[in-house]
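work-v9.txt follows; it contains compact mmCIF, C-alpha atoms.
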```txt
# COMPACT_ATOMS: atom_id res chain seq x y z
CA MET A 24 17.98 -35.61 -9.41
CA LEU A 25 18.32 -32.47 -11.52
CA TYR A 26 21.04 -30.00 -10.61
CA LEU A 27 19.31 -26.89 -9.28
CA GLY A 28 22.20 -24.54 -8.61
CA SER A 29 22.62 -25.69 -4.99
CA ILE A 30 19.07 -24.72 -4.05
CA VAL A 31 18.15 -25.40 -0.45
CA ILE A 32 14.67 -26.35 0.70
CA LEU A 33 13.43 -27.80 3.95
CA CYS A 34 10.36 -29.70 2.83
CA LEU A 35 8.71 -31.83 0.15
CA GLY A 36 12.00 -33.52 -0.60
CA PHE A 37 12.26 -32.30 -4.19
CA LEU A 38 15.51 -30.36 -3.73
CA VAL A 39 18.80 -31.02 -2.01
CA THR A 40 20.12 -29.43 1.17
CA GLY A 41 23.49 -27.72 1.08
CA CYS A 42 25.76 -25.67 3.30
CA GLN A 43 28.35 -22.97 2.79
CA SER A 44 32.03 -23.75 2.70
CA PRO A 45 34.43 -21.69 4.90
CA ASP A 46 35.62 -19.83 1.81
CA GLU A 47 32.06 -18.95 0.83
CA LYS A 48 31.27 -17.75 4.35
CA ALA A 49 34.34 -15.54 4.33
CA ALA A 50 33.34 -14.09 0.99
CA LEU A 51 29.90 -13.28 2.33
CA GLU A 52 31.36 -11.53 5.34
CA THR A 53 33.75 -9.34 3.36
CA GLY A 54 31.51 -8.36 0.44
CA SER A 55 27.85 -7.68 -0.25
CA PRO A 56 25.63 -10.15 1.67
CA GLY A 57 24.83 -13.25 -0.32
CA VAL A 58 27.30 -12.53 -3.12
CA THR A 59 30.48 -14.40 -3.96
CA THR A 60 32.41 -14.66 -7.20
CA GLN A 61 30.63 -17.96 -7.87
CA GLU A 62 27.03 -17.33 -6.81
CA VAL A 63 24.33 -14.99 -5.58
CA VAL A 64 22.10 -16.33 -2.80
CA LEU A 65 18.40 -15.48 -2.58
CA GLY A 66 15.84 -16.41 0.06
CA SER A 67 12.20 -17.40 -0.14
CA SER A 68 9.47 -18.17 2.38
CA LEU A 69 6.30 -19.62 0.92
CA ALA A 70 3.63 -22.28 1.40
CA LEU A 71 5.04 -25.63 0.36
CA LYS A 72 2.83 -27.67 2.68
CA GLY A 73 -0.75 -27.29 3.88
CA HIS A 74 -3.87 -25.77 2.39
CA ALA A 75 -2.10 -23.25 0.13
CA SER A 76 0.73 -25.55 -0.99
CA PHE A 77 -0.27 -25.51 -4.66
CA LEU A 78 0.22 -21.75 -4.75
CA GLY A 79 3.62 -21.89 -3.09
CA SER A 80 5.03 -24.90 -4.89
CA GLN A 81 3.92 -23.72 -8.33
CA THR A 82 5.20 -20.18 -7.79
CA PHE A 83 8.53 -21.65 -6.77
CA ARG A 84 8.78 -24.21 -9.57
CA GLY A 85 7.71 -21.71 -12.18
CA ALA A 86 10.55 -19.44 -11.11
CA MET A 87 13.08 -22.24 -10.74
CA CYS A 88 12.52 -23.75 -14.18
CA TYR A 89 13.91 -20.51 -15.63
CA LEU A 90 16.66 -20.04 -13.03
CA ASN A 91 17.81 -23.64 -13.53
CA HIS A 92 18.26 -22.92 -17.23
CA VAL A 93 20.15 -19.69 -16.52
CA ASN A 94 22.47 -21.59 -14.18
CA GLU A 95 23.13 -24.25 -16.81
CA LEU A 96 24.26 -21.50 -19.16
CA GLY A 97 26.73 -20.16 -16.59
CA GLY A 98 24.55 -17.91 -14.47
CA VAL A 99 24.65 -14.12 -14.52
CA HIS A 100 28.07 -12.46 -14.71
CA GLY A 101 29.57 -15.85 -13.89
CA ARG A 102 27.44 -16.36 -10.77
CA SER A 103 24.92 -19.15 -10.38
CA ILE A 104 21.65 -18.23 -8.69
CA LYS A 105 21.02 -20.15 -5.49
CA VAL A 106 17.63 -20.00 -3.76
CA VAL A 107 17.23 -20.96 -0.10
CA ALA A 108 13.52 -21.73 0.32
CA TYR A 109 11.68 -22.47 3.57
CA ASP A 110 8.10 -23.60 4.01
CA ASP A 111 5.83 -21.29 5.99
CA SER A 112 2.54 -23.16 5.33
CA TYR A 113 0.86 -19.78 4.72
CA ASP A 114 1.34 -18.94 8.40
CA PRO A 115 2.53 -15.37 9.24
CA PRO A 116 4.63 -16.22 12.36
CA MET A 117 6.40 -18.99 10.43
CA CYS A 118 7.08 -16.59 7.58
CA LEU A 119 8.57 -14.07 10.01
CA ALA A 120 10.83 -16.71 11.59
CA ASN A 121 11.92 -17.92 8.15
CA THR A 122 12.72 -14.40 7.01
CA GLN A 123 14.79 -13.69 10.11
CA LYS A 124 16.75 -16.88 9.45
CA LEU A 125 17.26 -15.99 5.79
CA ILE A 126 18.57 -12.52 6.57
CA ILE A 127 20.61 -13.24 9.70
CA ASP A 128 21.78 -16.85 9.40
CA ASP A 129 21.74 -17.46 5.67
CA GLN A 130 22.93 -13.95 4.78
CA VAL A 131 20.90 -13.86 1.57
CA PHE A 132 21.39 -11.08 -0.97
CA ALA A 133 17.66 -10.54 -1.59
CA LEU A 134 14.25 -12.10 -0.92
CA PHE A 135 12.25 -13.58 -3.76
CA CYS A 136 8.82 -15.05 -4.60
CA TYR A 137 6.98 -14.74 -1.28
CA VAL A 138 3.38 -15.99 -1.37
CA GLY A 139 0.39 -14.46 0.38
CA THR A 140 -0.72 -11.18 1.94
CA PRO A 141 -0.80 -12.02 5.68
CA THR A 142 2.61 -13.68 5.48
CA THR A 143 4.33 -11.00 3.42
CA VAL A 144 2.82 -8.08 5.35
CA LYS A 145 4.15 -9.66 8.56
CA VAL A 146 7.77 -9.25 7.42
CA LEU A 147 7.59 -5.68 6.07
CA PRO A 148 9.16 -4.05 9.18
CA LEU A 149 12.02 -6.56 9.01
CA ILE A 150 12.61 -5.80 5.33
CA GLU A 151 12.75 -2.06 5.96
CA GLU A 152 15.12 -2.51 8.90
CA ALA A 153 17.45 -4.82 6.95
CA ARG A 154 17.15 -2.71 3.77
CA ILE A 155 16.93 -5.88 1.74
CA PRO A 156 15.10 -6.13 -1.63
CA LEU A 157 12.02 -8.35 -1.91
CA LEU A 158 11.00 -9.09 -5.51
CA GLY A 159 8.06 -10.94 -7.04
CA MET A 160 5.39 -11.42 -4.38
CA PHE A 161 2.37 -13.58 -5.20
CA THR A 162 -0.07 -11.09 -3.69
CA GLY A 163 -1.70 -7.92 -4.94
CA ALA A 164 -2.02 -6.34 -1.50
CA ASN A 165 -2.14 -2.56 -1.36
CA ALA A 166 0.07 -2.62 1.75
CA LEU A 167 2.96 -3.66 -0.51
CA ARG A 168 2.38 -0.61 -2.69
CA GLU A 169 1.34 2.16 -0.31
CA PRO A 170 3.27 3.73 1.25
CA PHE A 171 5.95 3.31 -1.40
CA SER A 172 9.01 1.34 -0.33
CA ARG A 173 12.27 1.24 -2.24
CA PHE A 174 12.83 -2.35 -1.14
CA LEU A 175 9.54 -3.86 -2.36
CA ILE A 176 9.43 -4.79 -6.06
CA ASN A 177 6.02 -5.97 -7.22
CA VAL A 178 5.63 -7.53 -10.65
CA ARG A 179 1.89 -8.31 -10.76
CA ALA A 180 -1.13 -5.99 -10.84
CA SER A 181 -2.80 -5.17 -7.51
CA TYR A 182 -6.01 -6.51 -5.99
CA TYR A 183 -7.45 -3.00 -6.26
CA GLN A 184 -6.88 -3.21 -10.01
CA GLU A 185 -8.34 -6.71 -10.23
CA THR A 186 -11.48 -5.91 -8.24
CA GLY A 187 -11.81 -2.49 -9.88
CA ASP A 188 -11.87 -3.94 -13.38
CA ALA A 189 -14.10 -6.81 -12.26
CA VAL A 190 -16.75 -4.53 -10.76
CA ARG A 191 -16.75 -2.44 -13.94
CA HIS A 192 -17.48 -5.55 -16.01
CA LEU A 193 -20.14 -6.77 -13.56
CA VAL A 194 -21.98 -3.45 -13.60
CA ASP A 195 -21.41 -2.12 -17.11
CA ASP A 196 -21.23 -5.31 -19.17
CA LEU A 197 -23.49 -7.63 -17.19
CA GLY A 198 -25.93 -5.18 -15.63
CA LEU A 199 -25.45 -6.54 -12.10
CA ASN A 200 -25.98 -4.19 -9.15
CA LYS A 201 -26.52 -6.49 -6.17
CA ILE A 202 -22.96 -7.59 -5.43
CA ALA A 203 -21.83 -9.35 -2.24
CA VAL A 204 -18.33 -10.14 -0.97
CA PHE A 205 -17.06 -13.41 0.52
CA TYR A 206 -13.59 -13.01 2.02
CA GLN A 207 -10.87 -14.59 4.12
CA TYR A 208 -10.83 -12.91 7.53
CA ASP A 209 -7.30 -11.53 7.47
CA ALA A 210 -5.17 -8.91 5.71
CA TYR A 211 -5.69 -10.56 2.32
CA GLY A 212 -9.44 -10.69 2.59
CA PHE A 213 -9.70 -7.18 4.02
CA ASP A 214 -7.63 -5.84 1.12
CA GLY A 215 -9.91 -7.46 -1.44
CA LEU A 216 -12.98 -6.27 0.45
CA THR A 217 -11.69 -2.69 0.50
CA GLY A 218 -10.84 -2.83 -3.19
CA THR A 219 -14.35 -4.05 -3.99
CA GLU A 220 -15.97 -1.38 -1.83
CA LEU A 221 -13.93 1.35 -3.52
CA ALA A 222 -14.84 0.02 -6.95
CA LEU A 223 -18.56 -0.17 -6.11
CA LYS A 224 -18.48 3.33 -4.71
CA ARG A 225 -17.60 4.66 -8.18
CA PHE A 226 -21.03 3.39 -9.28
CA ASN A 227 -22.77 4.71 -6.15
CA LEU A 228 -23.11 1.15 -4.93
CA ALA A 229 -22.05 -0.82 -1.85
CA PRO A 230 -21.89 -4.55 -1.10
CA VAL A 231 -25.36 -5.93 -0.41
CA ALA A 232 -23.85 -8.44 2.02
CA GLY A 233 -20.58 -9.75 3.33
CA GLY A 234 -19.54 -13.16 4.56
CA SER A 235 -16.16 -14.42 5.79
CA TYR A 236 -14.26 -17.47 6.97
CA ASN A 237 -11.10 -17.93 9.02
CA ARG A 238 -7.85 -18.67 7.18
CA GLY A 239 -7.02 -22.37 7.17
CA THR A 240 -10.61 -23.52 7.71
CA LEU A 241 -13.53 -24.54 5.50
CA ASP A 242 -16.19 -22.92 7.69
CA VAL A 243 -18.08 -21.17 4.90
CA GLN A 244 -21.76 -21.95 5.62
CA GLU A 245 -22.39 -18.96 7.89
CA GLY A 246 -20.97 -16.56 5.31
CA LEU A 247 -22.98 -18.29 2.59
CA ASN A 248 -26.20 -17.89 4.59
CA LYS A 249 -25.66 -14.14 4.93
CA ILE A 250 -25.01 -13.73 1.23
CA MET A 251 -27.86 -15.96 0.11
CA SER A 252 -30.36 -13.99 2.18
CA SER A 253 -29.31 -10.77 0.42
CA GLY A 254 -30.37 -11.99 -3.00
CA ALA A 255 -26.97 -11.11 -4.45
CA GLU A 256 -26.62 -11.38 -8.22
CA ALA A 257 -22.83 -11.74 -8.02
CA VAL A 258 -20.35 -12.72 -5.31
CA VAL A 259 -16.82 -11.35 -5.23
CA MET A 260 -14.63 -14.00 -3.60
CA ILE A 261 -11.32 -13.24 -1.85
CA GLY A 262 -9.98 -16.52 -0.52
CA THR A 263 -8.09 -19.68 -1.42
CA TYR A 264 -9.20 -22.56 -3.63
CA ASP A 265 -10.56 -25.02 -1.05
CA PRO A 266 -12.97 -22.74 0.87
CA CYS A 267 -14.03 -20.93 -2.30
CA ALA A 268 -14.79 -24.23 -4.02
CA LYS A 269 -16.80 -25.42 -1.03
CA PHE A 270 -18.77 -22.14 -0.99
CA ILE A 271 -19.65 -22.52 -4.67
CA ARG A 272 -20.61 -26.20 -4.32
CA LEU A 273 -22.84 -25.51 -1.30
CA ALA A 274 -24.45 -22.54 -3.03
CA HIS A 275 -25.22 -24.72 -6.04
CA GLU A 276 -26.68 -27.48 -3.85
CA GLN A 277 -28.90 -24.95 -2.08
CA GLY A 278 -30.20 -23.41 -5.30
CA PHE A 279 -28.21 -20.19 -5.13
CA ARG A 280 -26.91 -19.40 -8.63
CA PRO A 281 -25.24 -15.97 -8.79
CA LEU A 282 -22.15 -15.19 -10.84
CA PHE A 283 -19.06 -16.08 -8.81
CA TYR A 284 -16.07 -13.83 -9.41
CA LEU A 285 -12.68 -14.65 -7.85
CA VAL A 286 -9.36 -12.83 -7.71
CA SER A 287 -6.21 -14.43 -9.11
CA PHE A 288 -4.76 -15.57 -5.77
CA VAL A 289 -7.53 -18.16 -5.40
CA GLY A 290 -5.67 -20.43 -7.84
CA ALA A 291 -7.48 -21.15 -11.11
CA ASP A 292 -6.26 -24.66 -11.80
CA GLU A 293 -6.92 -26.05 -8.33
CA LEU A 294 -10.34 -24.38 -8.18
CA ALA A 295 -11.24 -25.84 -11.58
CA ARG A 296 -10.22 -29.31 -10.41
CA ARG A 297 -12.49 -29.03 -7.37
CA LEU A 298 -15.44 -27.85 -9.47
CA GLU A 299 -15.02 -30.23 -12.39
CA ASN A 300 -18.35 -31.99 -11.82
CA GLN A 301 -20.41 -28.86 -11.21
CA GLN A 302 -22.86 -27.88 -13.95
CA GLY A 303 -24.90 -24.72 -14.41
CA ILE A 304 -22.57 -22.37 -12.54
CA THR A 305 -20.97 -19.17 -13.82
CA VAL A 306 -17.44 -18.70 -12.50
CA VAL A 307 -15.19 -15.84 -13.59
CA MET A 308 -11.64 -15.20 -12.39
CA SER A 309 -9.25 -12.33 -13.00
CA GLN A 310 -5.64 -13.14 -13.85
CA VAL A 311 -2.47 -11.04 -13.85
CA VAL A 312 -0.84 -13.09 -16.62
CA PRO A 313 -2.35 -14.54 -19.82
CA PRO A 314 -3.26 -18.24 -19.94
CA PRO A 315 -0.13 -20.42 -20.37
CA ASP A 316 -1.60 -22.33 -23.30
CA ARG A 317 0.58 -25.28 -24.30
CA GLN A 318 -0.46 -24.77 -27.92
CA ASP A 319 0.35 -21.05 -28.02
CA PRO A 320 3.26 -20.40 -30.44
CA SER A 321 4.57 -17.47 -28.38
CA PRO A 322 8.29 -17.88 -27.56
CA LEU A 323 7.43 -16.90 -23.99
CA LEU A 324 5.52 -20.16 -23.66
CA THR A 325 6.64 -22.79 -26.13
CA GLY A 326 9.92 -21.33 -27.39
CA GLU A 327 13.32 -22.67 -26.35
CA LEU A 328 13.31 -20.43 -23.27
CA GLY A 329 9.54 -20.52 -22.76
CA TYR A 330 7.68 -21.41 -19.59
CA VAL A 331 5.95 -24.49 -21.02
CA THR A 332 9.21 -25.79 -22.50
CA LEU A 333 11.34 -25.29 -19.38
CA LEU A 334 8.65 -26.56 -17.01
CA LYS A 335 8.49 -29.80 -18.98
CA ARG A 336 12.29 -30.11 -18.84
CA TYR A 337 12.79 -29.53 -15.11
CA TYR A 338 9.41 -30.51 -13.60
CA PRO A 339 7.89 -32.96 -16.11
CA GLU A 340 5.20 -34.06 -13.66
CA ASP A 341 3.71 -30.53 -13.53
CA GLN A 342 1.20 -29.00 -15.91
CA PRO A 343 1.47 -25.34 -17.01
CA ASN A 344 -0.72 -23.08 -14.89
CA PHE A 345 -1.33 -19.42 -14.13
CA VAL A 346 0.48 -19.50 -10.78
CA GLY A 347 3.64 -21.09 -12.15
CA PHE A 348 3.64 -18.77 -15.15
CA GLU A 349 3.60 -15.80 -12.79
CA GLY A 350 6.58 -17.26 -10.91
CA PHE A 351 8.35 -17.67 -14.26
CA ILE A 352 7.77 -13.98 -15.07
CA ASN A 353 9.14 -13.06 -11.63
CA ALA A 354 12.32 -14.99 -12.46
CA ARG A 355 12.66 -13.23 -15.80
CA VAL A 356 12.52 -9.85 -14.02
CA LEU A 357 15.02 -11.01 -11.38
CA VAL A 358 17.56 -12.13 -13.98
CA GLU A 359 17.13 -8.94 -16.00
CA GLY A 360 17.84 -6.93 -12.86
CA LEU A 361 20.94 -8.98 -12.04
CA LYS A 362 22.23 -8.53 -15.59
CA ARG A 363 21.76 -4.77 -15.50
CA ALA A 364 23.30 -4.47 -12.04
CA GLY A 365 26.66 -5.60 -13.42
CA ALA A 366 29.45 -7.70 -11.97
CA GLU A 367 29.89 -5.50 -8.88
CA LEU A 368 26.59 -6.58 -7.35
CA THR A 369 25.11 -4.70 -4.39
CA ARG A 370 21.59 -4.45 -3.05
CA GLU A 371 21.31 -0.75 -3.88
CA GLY A 372 22.76 -1.35 -7.33
CA PHE A 373 20.25 -4.13 -7.93
CA ILE A 374 17.32 -1.87 -7.02
CA ASP A 375 18.72 0.84 -9.30
CA ALA A 376 18.94 -1.74 -12.07
CA ILE A 377 15.30 -2.78 -11.59
CA GLU A 378 14.28 0.87 -11.76
CA SER A 379 16.07 1.16 -15.11
CA ILE A 380 13.68 -1.38 -16.67
CA HIS A 381 11.27 0.83 -18.60
CA ASP A 382 10.01 -1.43 -21.39
CA LEU A 383 10.88 -5.11 -21.00
CA ALA A 384 8.79 -6.80 -23.70
CA LEU A 385 8.54 -10.52 -22.96
CA GLY A 386 5.78 -11.38 -25.42
CA LEU A 387 2.02 -11.96 -25.14
CA ASP A 388 1.64 -8.21 -24.57
CA ILE A 389 3.59 -8.52 -21.32
CA ASN A 390 5.55 -5.28 -21.12
CA ILE A 391 7.24 -4.66 -17.79
CA ALA A 392 8.20 -1.20 -16.61
CA PHE A 393 9.53 0.23 -13.35
CA SER A 394 10.83 3.60 -12.21
CA ALA A 395 12.24 5.23 -9.09
CA SER A 396 8.67 6.02 -7.98
CA ASP A 397 6.84 2.97 -9.39
CA HIS A 398 7.83 -0.52 -8.25
CA GLN A 399 4.99 -2.42 -9.93
CA GLY A 400 5.97 -3.87 -13.28
CA LEU A 401 2.56 -4.88 -14.68
CA ASP A 402 -0.86 -3.25 -14.60
CA ARG A 403 -2.95 -5.30 -16.99
CA VAL A 404 -5.72 -7.60 -15.74
CA HIS A 405 -7.04 -10.53 -17.80
CA PHE A 406 -10.44 -12.16 -17.28
CA THR A 407 -11.13 -15.86 -17.63
CA ARG A 408 -14.20 -18.06 -17.37
CA LEU A 409 -14.50 -21.65 -16.18
CA GLU A 410 -15.50 -23.77 -19.16
CA ASN A 411 -15.03 -27.50 -19.73
CA GLY A 412 -12.90 -27.88 -16.62
CA GLN A 413 -10.47 -25.04 -17.26
CA PHE A 414 -10.27 -21.26 -17.25
CA SER A 415 -10.11 -19.63 -20.68
CA LEU A 416 -9.98 -15.99 -21.73
CA ILE A 417 -13.25 -14.11 -21.92
CA LYS A 418 -13.61 -12.58 -25.37
CA ASP A 419 -17.28 -11.62 -25.22
CA TRP A 420 -19.09 -10.62 -22.02
CA ALA A 421 -22.41 -10.65 -23.89
CA GLY A 422 -22.43 -14.46 -23.82
CA ILE A 423 -22.11 -14.48 -20.04
CA ARG A 424 -24.91 -11.92 -19.75
CA ALA A 425 -27.18 -14.08 -21.91
CA GLN A 426 -26.47 -17.13 -19.74
CA LEU A 427 -27.24 -15.21 -16.56
CA ASN A 428 -30.49 -13.85 -18.00
CA ALA A 429 -31.54 -17.33 -19.09
CA SER A 430 -30.99 -18.73 -15.59
CA ARG A 431 -33.08 -16.09 -13.83
```

Once you've parsed the file, please lay out its structure as structure tokens.
Amino acid sequence: MLYLGSIVILCLGFLVTGCQSPDEKAALETGSPGVTTQEVVLGSSLALKGHASFLGSQTFRGAMCYLNHVNELGGVHGRSIKVVAYDDSYDPPMCLANTQKLIIDDQVFALFCYVGTPTTVKVLPLIEEARIPLLGMFTGANALREPFSRFLINVRASYYQETGDAVRHLVDDLGLNKIAVFYQYDAYGFDGLTGTELALKRFNLAPVAGGSYNRGTLDVQEGLNKIMSSGAEAVVMIGTYDPCAKFIRLAHEQGFRPLFYLVSFVGADELARRLENQQGITVVMSQVVPPPDRQDPSPLLTGELGYVTLLKRYYPEDQPNFVGFEGFINARVLVEGLKRAGAELTREGFIDAIESIHDLALGLDINIAFSASDHQGLDRVHFTRLENGQFSLIKDWAGIRAQLNASR
């Protein structure tokens, strides 16, 4: 088993369980929470089992492949980075219980790489009360951006940005005006629905129909019926990979062939795997990071410290993917913040250090910037299309328009 800097996890069996020594506990009690001379302890709650497990496990492994390497080199200011990770199965009450345990029992320094809107939103009051930083959430929810919180550090672009750019392409580049929304009936889905409605309003449009499903189920037929009857030309989809894939398959079987657009949280690689035998469908997905192409010569991917290189070293059974690459970027930001915070590490000092990052150029046009009033590091949205079983960058929207026109 690879050494992972004493990472603790309670499920899947791919990491070891550890406990604090009396000396470490004493150090935690007398100094900043989660900080000793030997290590800094972070906490994570994310889906490692259940219907969203790909999103949680790949976010976590993408981050850990970089943190493992940092630990092998001696850590940051002589401290190894330890991550205590608990499974919440994409369930808000479980996420809340995990977060309470991380803050109170585990005495973590900061929270890191949470996954999902309903889960993360559930713990916001606890974060504000504890005044503990949370960095690198795999969600673009507006509730993590407005009102502004000093303790929330987003790296990725928001769902409002994703849906805003998507609607612009659908209307301006593809000439589509009849746009419906299929969404998960919770905080995540509502956020994507609102973002789509706001974007359509700029064109004096509104959704022609809306359909939803309950989180954790595959009950999509009722929502599909509502959208099919509207004659929608495009469907904006705010969900997870299994229900979205079922919706698209059923639509195809029933002769409904609109353009399907999905936000990044859906999970490109798992969606592609579930649609690999479908022909004659047009599926577009926005991404908040570029494709992690294994052939790309960028040092950020295939260099000595690149995502593809480190993923192969620490998790050789995994394939590079958008979700893991985002987790890797989160880890890069975390380590940069720890470096800038200095040897005398405190929570407030760490947040100040993050706010001092004004132009962190990682490669692939990924330039991360924060400030005292802006805690979102990236704004750019990339668009990909499902082709030959994988999502690749869209370079020409005219080709998609021609395909849609030919199918009408």

I want to know what sits within 10 Å of Arg355 (chain A), based on only C-alpha atoms, with residues of the same chain fewer than 6 positions away left out; could you give that as a PyMOL selection string? chain A and resi 86+89-90+93+349+383+385

For Ala120 (chain A), the nearest of the candidates A:Gln81, A:Cys136, A:Ser67, A:Asn200, counting all atoms listed in the file: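 Looking only at the distances to Ala120 (chain A), the closest residue turns out to be A:Ser67.
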
Near-Arg297 (chain A) list (10 Å; all atoms listed in the file; drop same-chain fewer than 6 positions) as an MDAnalysis selection string: chainID A and resid 264:265 267:269 272 412

For Ala75 (chain A), which residue out of A:Val58, A:Ala366, A:Ile126, A:Val289 is the nearest one, using only C-alpha atoms?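 Nearest candidate to Ala75 (chain A) out of A:Val58, A:Ala366, A:Ile126, A:Val289: A:Val289.
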
Name all residues at most 8 Å from Thr219 (chain A) (count only C-alpha atoms; drop same-chain ones fewer than 6 positions away) and give them as a VMD selection string. chain A and resid 183 186 to 187 190 204 259

Let me make sure I understand: among A:Gly246, A:Tyr338, A:Leu427, A:Pro322, which one has the smallest atom-to-atom distance to Ile304 (chain A) if we use all atoms listed in the file?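 Ranking A:Gly246, A:Tyr338, A:Leu427, A:Pro322 by distance to Ile304 (chain A), first place goes to A:Leu427.
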